[in-house]
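Source file: structure.txt; contents: compact mmCIF, C-alpha atoms and all ligand atoms.
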# COMPACT_ATOMS: atom_id res chain seq x y z
CA MET A 221 0.10 -11.71 27.12
CA GLU A 222 0.77 -15.22 25.85
CA ARG A 223 3.55 -15.17 23.26
CA LEU A 224 2.09 -15.42 19.75
CA VAL A 225 3.83 -18.04 17.62
CA ASP A 226 2.82 -20.04 14.56
CA THR A 227 2.67 -23.83 14.20
CA LEU A 228 6.47 -23.89 13.71
CA GLY A 229 7.19 -21.74 16.78
CA ARG A 230 7.92 -18.57 14.78
CA PRO A 231 6.85 -15.22 16.32
CA VAL A 232 5.51 -12.33 14.22
CA ARG A 233 8.17 -9.59 14.20
CA ASP A 234 8.07 -7.86 10.81
CA LEU A 235 5.26 -6.45 8.75
CA ARG A 236 5.51 -5.35 5.14
CA ILE A 237 2.79 -2.99 4.08
CA SER A 238 2.06 -2.56 0.40
CA VAL A 239 0.49 0.87 -0.09
CA THR A 240 -0.25 0.45 -3.79
CA ASP A 241 -0.16 -2.28 -6.42
CA ARG A 242 0.86 0.27 -9.07
CA CYS A 243 4.35 1.14 -10.22
CA ASN A 244 6.09 3.56 -12.56
CA PHE A 245 8.57 0.81 -13.58
CA ARG A 246 7.96 -2.48 -15.37
CA CYS A 247 10.92 -4.50 -14.07
CA VAL A 248 11.15 -7.61 -16.21
CA TYR A 249 11.33 -9.90 -13.16
CA CYS A 250 8.44 -8.27 -11.30
CA MET A 251 5.85 -6.53 -13.50
CA PRO A 252 6.56 -7.60 -17.07
CA LYS A 253 4.94 -5.26 -19.58
CA GLU A 254 3.14 -8.00 -21.45
CA VAL A 255 1.12 -8.74 -18.32
CA PHE A 256 1.00 -5.36 -16.57
CA GLY A 257 -0.09 -3.43 -19.66
CA ARG A 258 -2.60 -0.67 -20.26
CA ASP A 259 -5.54 -2.98 -19.57
CA TYR A 260 -4.25 -4.51 -16.35
CA PRO A 261 -6.95 -4.31 -13.65
CA PHE A 262 -5.12 -2.44 -10.91
CA LEU A 263 -7.04 -1.87 -7.68
CA PRO A 264 -9.44 1.07 -7.77
CA ARG A 265 -8.80 3.73 -5.15
CA THR A 266 -11.77 2.80 -2.96
CA GLU A 267 -10.34 -0.69 -2.52
CA LEU A 268 -7.07 0.59 -1.09
CA LEU A 269 -6.74 0.85 2.66
CA THR A 270 -6.84 4.47 3.80
CA PHE A 271 -3.90 5.80 5.83
CA GLU A 272 -6.10 5.63 8.94
CA GLU A 273 -6.90 1.97 8.26
CA ILE A 274 -3.23 1.17 7.68
CA GLU A 275 -2.26 2.91 10.92
CA ARG A 276 -4.88 1.00 12.87
CA LEU A 277 -3.69 -2.34 11.52
CA ALA A 278 -0.05 -1.40 12.11
CA ARG A 279 -0.82 -0.63 15.76
CA THR A 280 -2.66 -3.92 16.11
CA PHE A 281 0.28 -5.85 14.65
CA ALA A 282 2.65 -3.94 16.95
CA GLY A 283 0.49 -5.08 19.87
CA LEU A 284 1.04 -8.68 18.76
CA GLY A 285 4.84 -8.39 18.65
CA VAL A 286 5.71 -6.63 15.38
CA GLU A 287 8.84 -4.49 15.87
CA LYS A 288 9.67 -3.59 12.30
CA ILE A 289 7.49 -2.21 9.51
CA ARG A 290 8.54 -1.76 5.91
CA ILE A 291 6.40 0.34 3.58
CA THR A 292 6.53 -1.08 0.08
CA GLY A 293 4.42 -1.83 -2.99
CA GLY A 294 4.24 -1.63 -6.07
CA GLU A 295 6.09 1.64 -5.86
CA PRO A 296 5.20 3.31 -2.55
CA LEU A 297 6.17 6.81 -3.69
CA VAL A 298 3.44 6.81 -6.36
CA ARG A 299 0.91 6.86 -3.51
CA ARG A 300 0.04 10.49 -2.92
CA ASP A 301 1.11 12.15 0.37
CA LEU A 302 3.01 9.08 1.50
CA GLU A 303 4.91 11.21 4.01
CA THR A 304 1.62 11.67 5.88
CA LEU A 305 1.41 7.91 6.40
CA VAL A 306 5.08 7.82 7.42
CA GLY A 307 4.32 10.49 10.01
CA MET A 308 1.42 8.43 11.39
CA LEU A 309 3.41 5.17 11.60
CA ALA A 310 6.45 6.94 13.08
CA GLN A 311 4.30 7.72 16.15
CA ILE A 312 4.05 4.02 17.06
CA ASP A 313 6.35 3.41 20.03
CA GLY A 314 9.49 1.36 19.60
CA LEU A 315 8.92 0.62 15.92
CA ASP A 316 11.74 0.31 13.38
CA LEU A 317 10.15 1.96 10.32
CA THR A 318 11.63 1.76 6.85
CA LEU A 319 10.64 1.95 3.19
CA THR A 320 11.65 0.26 -0.06
CA THR A 321 11.49 2.32 -3.25
CA ASN A 322 12.79 2.21 -6.80
CA GLY A 323 14.14 5.71 -6.16
CA ALA A 324 12.60 7.31 -9.24
CA LEU A 325 10.60 9.87 -7.27
CA LEU A 326 12.86 10.00 -4.23
CA ALA A 327 15.14 13.00 -4.80
CA PRO A 328 12.48 15.68 -4.16
CA LYS A 329 10.83 13.62 -1.37
CA ALA A 330 13.75 12.42 0.75
CA GLN A 331 13.82 15.40 3.09
CA ALA A 332 10.05 15.31 3.67
CA LEU A 333 10.18 11.58 4.46
CA ARG A 334 12.99 12.15 6.95
CA GLY A 335 11.08 15.06 8.47
CA ALA A 336 8.01 12.84 8.87
CA GLY A 337 10.04 10.38 10.94
CA LEU A 338 11.47 7.85 8.49
CA LYS A 339 14.90 6.80 9.79
CA ARG A 340 16.33 4.64 7.02
CA ILE A 341 15.55 3.52 3.48
CA THR A 342 16.19 0.82 0.89
CA ILE A 343 16.51 1.79 -2.76
CA SER A 344 16.46 -0.75 -5.58
CA LEU A 345 19.02 -0.40 -8.36
CA ASP A 346 19.93 -3.42 -10.47
CA SER A 347 22.80 -2.03 -12.54
CA LEU A 348 25.02 1.02 -12.95
CA ASP A 349 25.14 0.35 -16.67
CA ASP A 350 22.53 2.66 -18.14
CA GLU A 351 21.61 0.37 -21.00
CA VAL A 352 21.23 -2.69 -18.77
CA PHE A 353 19.23 -0.73 -16.20
CA ARG A 354 16.88 0.72 -18.82
CA THR A 355 16.30 -2.81 -20.14
CA MET A 356 15.58 -4.15 -16.65
CA ASN A 357 13.14 -1.42 -15.59
CA ASP A 358 11.65 -1.55 -19.11
CA VAL A 359 10.43 2.06 -19.02
CA ASP A 360 13.75 3.50 -20.22
CA PHE A 361 14.48 5.07 -16.83
CA PRO A 362 18.10 6.28 -16.49
CA VAL A 363 20.50 5.19 -13.73
CA GLY A 364 21.47 8.81 -13.02
CA ARG A 365 18.11 9.73 -11.55
CA VAL A 366 18.16 6.80 -9.14
CA LEU A 367 21.68 7.82 -8.10
CA ASP A 368 20.26 11.32 -7.47
CA GLY A 369 17.67 9.68 -5.20
CA ILE A 370 20.40 7.80 -3.33
CA ASP A 371 22.37 11.03 -2.87
CA ALA A 372 19.27 12.81 -1.63
CA ALA A 373 18.61 10.01 0.88
CA LEU A 374 22.19 10.27 2.18
CA ALA A 375 21.93 14.07 2.37
CA ALA A 376 18.64 13.79 4.31
CA GLY A 377 20.31 11.48 6.84
CA LEU A 378 18.23 8.40 6.03
CA GLU A 379 20.81 5.99 7.42
CA PRO A 380 21.81 3.43 6.58
CA VAL A 381 20.88 3.66 2.92
CA LYS A 382 20.65 0.14 1.53
CA VAL A 383 20.62 -0.64 -2.19
CA ASN A 384 18.84 -3.80 -3.37
CA VAL A 385 20.22 -5.50 -6.47
CA VAL A 386 18.25 -8.42 -7.94
CA VAL A 387 20.69 -10.51 -9.93
CA LYS A 388 19.46 -12.36 -12.98
CA ARG A 389 21.79 -14.68 -14.88
CA GLY A 390 22.92 -13.26 -18.21
CA LEU A 391 21.23 -9.91 -17.59
CA ASN A 392 23.11 -7.94 -14.92
CA GLU A 393 25.56 -10.39 -13.35
CA ASP A 394 28.48 -8.59 -15.03
CA GLY A 395 27.53 -5.53 -13.03
CA ILE A 396 28.05 -7.09 -9.60
CA LEU A 397 31.68 -6.06 -9.22
CA PRO A 398 31.23 -2.53 -10.64
CA MET A 399 28.42 -2.05 -8.08
CA ALA A 400 30.71 -3.16 -5.24
CA ARG A 401 33.51 -0.86 -6.43
CA HIS A 402 31.13 2.09 -6.78
CA PHE A 403 29.45 1.88 -3.35
CA ARG A 404 32.38 0.66 -1.22
CA GLY A 405 33.41 3.40 1.21
CA THR A 406 30.22 5.47 0.73
CA GLY A 407 28.27 4.08 3.69
CA VAL A 408 25.69 2.60 1.30
CA VAL A 409 25.09 -1.11 2.04
CA LEU A 410 24.56 -3.22 -1.08
CA ARG A 411 22.21 -6.19 -0.82
CA PHE A 412 22.33 -8.69 -3.64
CA ILE A 413 19.12 -10.70 -3.99
CA GLU A 414 18.72 -14.05 -5.73
CA TYR A 415 16.09 -13.81 -8.41
CA MET A 416 12.94 -15.52 -7.08
CA ASP A 417 9.97 -17.28 -8.60
CA VAL A 418 7.40 -14.87 -7.19
CA GLY A 419 4.05 -14.50 -8.92
CA HIS A 420 3.47 -16.44 -12.07
CA THR A 421 4.27 -13.89 -14.70
CA ASN A 422 8.03 -13.60 -14.72
CA GLY A 423 8.85 -16.93 -16.39
CA TRP A 424 11.31 -17.91 -13.65
CA ARG A 425 13.77 -20.75 -14.23
CA LEU A 426 16.31 -22.06 -11.74
CA ASP A 427 19.03 -21.44 -14.35
CA ASP A 428 18.31 -17.69 -14.08
CA VAL A 429 19.40 -17.62 -10.44
CA VAL A 430 22.94 -16.51 -9.65
CA PRO A 431 23.62 -18.18 -6.29
CA ALA A 432 24.59 -15.85 -3.43
CA ALA A 433 27.79 -17.85 -2.89
CA GLU A 434 28.83 -17.05 -6.45
CA ILE A 435 28.15 -13.33 -5.88
CA VAL A 436 30.27 -13.30 -2.71
CA ALA A 437 33.07 -15.18 -4.47
CA ALA A 438 33.03 -12.78 -7.44
CA ILE A 439 33.35 -9.72 -5.20
CA GLY A 440 35.72 -11.38 -2.73
CA ALA A 441 38.19 -12.29 -5.47
CA GLU A 442 38.95 -8.61 -5.98
CA LEU A 443 37.81 -7.02 -2.71
CA PRO A 444 38.43 -9.49 0.14
CA LEU A 445 35.41 -10.13 2.36
CA GLU A 446 34.81 -11.75 5.75
CA PRO A 447 31.49 -12.84 7.29
CA VAL A 448 29.65 -10.70 9.87
CA GLU A 449 27.57 -12.37 12.59
CA PRO A 450 23.79 -11.95 12.08
CA ALA A 451 22.37 -9.08 14.13
CA TYR A 452 19.21 -10.98 15.11
CA ARG A 453 17.25 -14.16 14.49
CA GLY A 454 15.38 -13.96 11.24
CA GLU A 455 17.77 -11.50 9.59
CA VAL A 456 17.36 -12.38 5.94
CA ALA A 457 20.61 -10.96 4.59
CA ASN A 458 23.80 -12.86 5.05
CA ARG A 459 26.27 -10.09 5.90
CA TRP A 460 29.87 -9.73 4.73
CA ARG A 461 32.35 -6.91 5.38
CA TYR A 462 35.33 -5.74 3.38
CA VAL A 463 38.49 -6.82 5.17
CA ASP A 464 39.96 -3.33 4.66
CA GLY A 465 37.11 -1.75 6.65
CA SER A 466 35.47 0.02 3.71
CA GLY A 467 31.97 -1.21 4.47
CA GLU A 468 29.71 -4.23 4.18
CA ILE A 469 27.38 -6.01 1.79
CA GLY A 470 24.53 -8.47 2.23
CA VAL A 471 23.37 -11.37 0.11
CA ILE A 472 19.85 -12.73 0.25
CA SER A 473 19.88 -16.37 -0.73
CA SER A 474 16.18 -17.12 -0.60
CA VAL A 475 16.51 -19.73 -3.34
CA THR A 476 19.80 -21.49 -2.55
CA HIS A 477 19.50 -21.22 1.28
CA PRO A 478 15.88 -20.72 2.20
CA PHE A 479 15.32 -19.15 5.60
CA CYS A 480 11.69 -20.20 6.22
CA GLY A 481 12.64 -21.68 9.60
CA ASP A 482 13.40 -18.18 10.88
CA CYS A 483 10.75 -16.27 8.95
CA THR A 484 8.91 -13.86 11.23
CA ARG A 485 7.28 -11.80 8.49
CA ALA A 486 3.69 -10.96 7.63
CA ARG A 487 2.57 -9.00 4.57
CA LEU A 488 -0.37 -6.67 4.17
CA SER A 489 -1.59 -6.10 0.64
CA ALA A 490 -2.75 -2.69 -0.55
CA ASP A 491 -6.39 -3.80 -0.23
CA GLY A 492 -5.97 -5.06 3.31
CA LYS A 493 -5.38 -8.78 3.03
CA VAL A 494 -2.78 -10.33 5.29
CA TYR A 495 -0.47 -12.94 3.76
CA THR A 496 1.81 -15.10 5.87
CA CYS A 497 4.21 -15.95 3.05
CA LEU A 498 5.47 -14.28 -0.12
CA PHE A 499 4.36 -17.44 -1.89
CA ALA A 500 0.94 -17.67 -0.31
CA VAL A 501 -2.01 -18.10 -2.60
CA GLN A 502 -4.64 -16.70 -0.35
CA GLY A 503 -4.79 -13.75 2.02
CA HIS A 504 -7.10 -13.10 4.93
CA ASP A 505 -9.31 -10.07 4.49
CA LEU A 506 -8.72 -7.56 7.28
CA ARG A 507 -10.32 -4.68 5.38
CA ALA A 508 -13.71 -6.38 5.61
CA LEU A 509 -13.34 -6.55 9.38
CA LEU A 510 -12.24 -2.91 9.58
CA ARG A 511 -15.10 -1.69 7.42
CA ASP A 512 -17.61 -3.86 9.28
CA GLY A 513 -16.77 -2.01 12.46
CA ALA A 514 -14.66 -4.64 14.27
CA SER A 515 -13.31 -3.59 17.66
CA ASP A 516 -9.56 -3.46 18.37
CA GLU A 517 -9.88 -6.73 20.28
CA GLU A 518 -11.66 -8.43 17.39
CA LEU A 519 -9.03 -7.25 14.91
CA SER A 520 -6.22 -8.42 17.13
CA ALA A 521 -7.87 -11.80 17.69
CA ALA A 522 -8.40 -12.28 13.95
CA ILE A 523 -4.75 -11.53 13.13
CA ALA A 524 -3.53 -13.74 15.97
CA ALA A 525 -5.69 -16.61 14.71
CA VAL A 526 -4.20 -16.29 11.20
CA TRP A 527 -0.67 -16.25 12.59
CA ARG A 528 -1.22 -19.18 14.98
CA ALA A 529 -2.42 -21.34 12.08
CA ARG A 530 0.58 -20.44 9.87
CA THR A 531 2.44 -23.42 8.39
CA ASP A 532 4.16 -21.81 5.35
CA ARG A 533 7.67 -22.85 4.33
CA TYR A 534 7.44 -22.61 0.57
CA SER A 535 11.09 -21.82 -0.15
CA GLU A 536 12.23 -24.91 1.73
CA LEU A 537 9.88 -27.02 -0.33
CA ARG A 538 10.63 -25.26 -3.62
CA SER A 539 11.32 -27.63 -6.47
CA ALA A 540 10.54 -27.95 -10.12
CA ALA A 541 7.07 -29.08 -9.09
CA THR A 542 6.27 -25.92 -7.14
CA VAL A 543 7.16 -23.45 -9.89
CA ASP A 544 3.79 -23.79 -11.55
CA LEU A 545 1.69 -23.53 -8.40
CA PRO A 546 -0.61 -20.52 -8.35
CA LYS A 547 0.88 -17.52 -6.51
CA VAL A 548 0.10 -13.85 -6.06
CA GLU A 549 2.24 -11.13 -7.61
CA MET A 550 4.94 -9.44 -5.54
CA SER A 551 3.86 -5.96 -6.66
CA TYR A 552 0.46 -6.63 -5.05
CA ILE A 553 1.50 -8.41 -1.89
CA GLY A 554 4.51 -6.16 -1.20
CA GLY A 555 8.07 -7.16 -1.94
C1 LIG B 601 8.49 -5.50 -5.24
S1 LIG B 601 9.65 -4.20 -4.93
C2 LIG B 601 8.60 -2.97 -4.19
C3 LIG B 601 9.29 -1.68 -3.81
C4 LIG B 601 9.84 -0.82 -4.94
N1 LIG B 601 8.99 -0.74 -6.07
C5 LIG B 601 11.23 -1.29 -5.32
O1 LIG B 601 11.39 -1.79 -6.44
O2 LIG B 601 12.12 -1.15 -4.50
C6 LIG B 601 10.64 -4.73 -3.55
C7 LIG B 601 11.92 -5.47 -3.88
O3 LIG B 601 11.59 -6.72 -4.44
C8 LIG B 601 12.54 -7.03 -5.42
N2 LIG B 601 12.00 -8.03 -6.35
C9 LIG B 601 10.98 -7.90 -7.20
N3 LIG B 601 10.78 -9.04 -7.92
C10 LIG B 601 11.71 -9.92 -7.50
C11 LIG B 601 12.05 -11.27 -7.85
N4 LIG B 601 11.38 -11.93 -8.79
N5 LIG B 601 13.08 -11.86 -7.20
C12 LIG B 601 13.77 -11.21 -6.24
N6 LIG B 601 13.50 -9.94 -5.86
C13 LIG B 601 12.50 -9.29 -6.50
C14 LIG B 601 12.79 -5.69 -6.05
O4 LIG B 601 13.99 -5.65 -6.77
C15 LIG B 601 12.81 -4.76 -4.88
O5 LIG B 601 14.11 -4.60 -4.37
S1 LIG B 602 10.56 -4.28 -8.46
FE1 LIG B 602 9.64 -2.43 -7.64
S2 LIG B 602 10.11 -0.93 -9.26
FE2 LIG B 602 10.33 -2.88 -10.22
S3 LIG B 602 8.32 -3.33 -11.12
FE3 LIG B 602 8.41 -4.32 -9.09
S4 LIG B 602 7.44 -2.86 -7.78
FE4 LIG B 602 8.05 -1.74 -9.61
So that I can check it, write out the structure of this file as structure tokens.
Ligand SMILES: C[S@@+](CC[C@H](N)C(=O)[O-])C[C@H]1O[C@@H](n2cnc3c(N)ncnc32)[C@H](O)[C@@H]1O
Ligand code: SF4
Amino acid sequence: MERLVDTLGRPVRDLRISVTDRCNFRCVYCMPKEVFGRDYPFLPRTELLTFEEIERLARTFAGLGVEKIRITGGEPLVRRDLETLVGMLAQIDGLDLTLTTNGALLAPKAQALRGAGLKRITISLDSLDDEVFRTMNDVDFPVGRVLDGIDAALAAGLEPVKVNVVVKRGLNEDGILPMARHFRGTGVVLRFIEYMDVGHTNGWRLDDVVPAAEIVAAIGAELPLEPVEPAYRGEVANRWRYVDGSGEIGVISSVTHPFCGDCTRARLSADGKVYTCLFAVQGHDLRALLRDGASDEELSAAIAAVWRARTDRYSELRSAATVDLPKVEMSYIGG
């Protein structure tokens, strides 16, 4: 098969699948309450892809070169019987399958997810300070229950467990070092993420971004760090290890050092639209093709055509002028 690349020579290697646009949190940087309130028009159930439809698309993407799939959302664990989908996707040969969750519902599910074939997991936790965390998730959810989820993931053997921390200036930056101290030596890999201007509801300003270099310097001043070589092209996290051998961290500098040139990622929304960039405005409707009875070859050709035409490099072009461009929300498209 001819190698599938986009207009900038980038292959398709990763697929993020959003299984729901709903969430049990209202993180201030993602689904602010004022926008995602009681009247917000979330997708009705019939509009969501079924597990069978998701599996079929996942296999088609795998046939085009996708090696890694991340299940995400919204909050993926609010989708009922998610372990059934995990079991279906785990059957796809040679696939690195993982999941990103806020951890709220993880403790009682971790073992079932592992049993269904999930190998590793990423859990989001922005602060160990209960008050700060409750403010950031904005549903008064306590840190302790996310830590229970992390422990359950470790006990179930979902390794490595990664913990995503979105850093927002003035909100949780004081918690960076306590996070590093807490997780060093546990096997958990922290990944600090620069706060991004996704969607158009979070009121993003460049001043709110704590640059990755500042995060590394803050930790390194107390716990010396050295860089780790990237494991593969397109790895988004810049990796650092503690000089004393007690583990590693990653920083994701999508604002200060955009990595569009190496971006090999496609995103599938919960209602079956494929997006070729987190900052894309428009998706391509694969659900319509599925429900119109397209053959496997037709599906594959449609996805390949979308990828071949891909030109996106939003983060490299980001400037004051791009902040106000229309964008879709991360909870819909899949973070
Ligand atoms: C959209 S969430 C979906 C999965 C799950 N609900 C969770 O929170 O892990 C995926 C990741 O995106 C991150 N995220 C959300 N909004 C962001 C923003 N504006 N900038 C940077 N990261 C963001 C979250 O912190 C989370 O780690
Ligand atoms: S970051 Fe995750 S947990 Fe927070 S509101 Fe967005 S989807 Fe929900």
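Compared by their closest atoms to A:Glu273, and using all atoms listed in the file, the residues A:Asp428, A:Asp346, A:Asp516, A:Glu449 rank with A:Asp516 nearest.
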Within 6 Å of ligand LIG 602 (chain B): each chain A residue with its shortest pair, all atoms listed in the file, as JSON lines:
{"residue": "A:Cys243", "atom": "CA", "partner": "B:LIG602", "partner_atom": "FE4", "distance": 4.7}
{"residue": "A:Phe245", "atom": "CA", "partner": "B:LIG602", "partner_atom": "FE4", "distance": 4.7}
{"residue": "A:Arg246", "atom": "CA", "partner": "B:LIG602", "partner_atom": "S3", "distance": 4.3}
{"residue": "A:Cys247", "atom": "CA", "partner": "B:LIG602", "partner_atom": "S3", "distance": 4.1}
{"residue": "A:Cys250", "atom": "CA", "partner": "B:LIG602", "partner_atom": "FE3", "distance": 4.5}
{"residue": "A:Met251", "atom": "CA", "partner": "B:LIG602", "partner_atom": "S3", "distance": 4.7}
{"residue": "A:Gly293", "atom": "CA", "partner": "B:LIG602", "partner_atom": "S4", "distance": 5.8}
{"residue": "A:Gly294", "atom": "CA", "partner": "B:LIG602", "partner_atom": "S4", "distance": 3.8}
{"residue": "A:Glu295", "atom": "CA", "partner": "B:LIG602", "partner_atom": "S4", "distance": 5.1}
{"residue": "A:Asn322", "atom": "CA", "partner": "B:LIG602", "partner_atom": "S2", "distance": 4.8}
{"residue": "A:Ser551", "atom": "CA", "partner": "B:LIG602", "partner_atom": "S4", "distance": 4.9}
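For ligand LIG 601 (chain B), the neighbouring protein, DNA and RNA residues, which are those within 6 Å when all atoms listed in the file are counted, are Tyr249, Cys250, Thr292, Gly293, Gly294, Glu295, Thr320, Thr321, Asn322, Ile343, Ser344, Asn384, Val386, Ile413, Glu414, Tyr415, Met416, Asp417, Val418, Met550, Ser551, Gly554 and Gly555 of chain A.
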Counting all atoms listed in the file, which residues have an atom no more than 10 Å from (2.3, 10.0, 1.5) in the file's coordinates? Please list them as a PDB file with C-alpha atoms, keeping the file's coordinate frame.
ATOM      1  CA  VAL A 239       0.490   0.870  -0.090  1.00  0.00           C
ATOM      2  CA  PHE A 271      -3.900   5.800   5.830  1.00  0.00           C
ATOM      3  CA  PRO A 296       5.200   3.310  -2.550  1.00  0.00           C
ATOM      4  CA  LEU A 297       6.170   6.810  -3.690  1.00  0.00           C
ATOM      5  CA  VAL A 298       3.440   6.810  -6.360  1.00  0.00           C
ATOM      6  CA  ARG A 299       0.910   6.860  -3.510  1.00  0.00           C
ATOM      7  CA  ARG A 300       0.040  10.490  -2.920  1.00  0.00           C
ATOM      8  CA  ASP A 301       1.110  12.150   0.370  1.00  0.00           C
ATOM      9  CA  LEU A 302       3.010   9.080   1.500  1.00  0.00           C
ATOM     10  CA  GLU A 303       4.910  11.210   4.010  1.00  0.00           C
ATOM     11  CA  THR A 304       1.620  11.670   5.880  1.00  0.00           C
ATOM     12  CA  LEU A 305       1.410   7.910   6.400  1.00  0.00           C
ATOM     13  CA  VAL A 306       5.080   7.820   7.420  1.00  0.00           C
ATOM     14  CA  GLY A 307       4.320  10.490  10.010  1.00  0.00           C
ATOM     15  CA  LYS A 329      10.830  13.620  -1.370  1.00  0.00           C
ATOM     16  CA  ALA A 332      10.050  15.310   3.670  1.00  0.00           C
ATOM     17  CA  LEU A 333      10.180  11.580   4.460  1.00  0.00           C
ATOM     18  CA  ALA A 336       8.010  12.840   8.870  1.00  0.00           C
TER      19      ALA A 336
END
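The space between atom CA of A:Gly395 and atom CA of A:Asp349 spans 7.3 Å.
Straight-line separation from atom CA of A:Thr496 to atom CA of A:Arg411: 23.2 Å.
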**OP:** Kindly provide, as an NGL selection string, the polymer residues lying within 6 Å of (40.0, -8.4, 1.0), counting only C-alpha atoms and using the coordinates exactly as they appear in the file.
**Re:** :A and (443-445 or 462-463)
Using all atoms listed in the file, which protein or nucleic acid residues come within 6 Å of stretch 527-539 of chain A? Drop anything in the same chain fewer than 3 positions from it, and give the result as a short mmCIF file (atom, residue, chain, number, x, y, z; two decimals) with C-alpha atoms, in the frame of the given file.
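Result written to part_8.cif:
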data_model
loop_
_atom_site.label_atom_id
_atom_site.label_comp_id
_atom_site.auth_asym_id
_atom_site.auth_seq_id
_atom_site.Cartn_x
_atom_site.Cartn_y
_atom_site.Cartn_z
CA VAL A 225 3.83 -18.04 17.62
CA ASP A 226 2.82 -20.04 14.56
CA THR A 227 2.67 -23.83 14.20
CA PRO A 478 15.88 -20.72 2.20
CA CYS A 480 11.69 -20.20 6.22
CA ALA A 524 -3.53 -13.74 15.97
CA THR A 542 6.27 -25.92 -7.14
#
Original post:
For A:Tyr495, which of A:Asp482, A:Glu254, A:Glu549, A:Asp360 is the closest residue, counting all atoms listed in the file?
Top reply: A:Glu549
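The two atoms in question, atom CA of A:Val448 and atom CA of A:Leu426, are spaced 27.8 Å apart.
Within 6 Å of A:Ile289, once all atoms listed in the file are used and residues closer than 3 positions along the same chain are dropped, the contacting residues are Asp234, Leu235, Arg236 and Leu317 of chain A.
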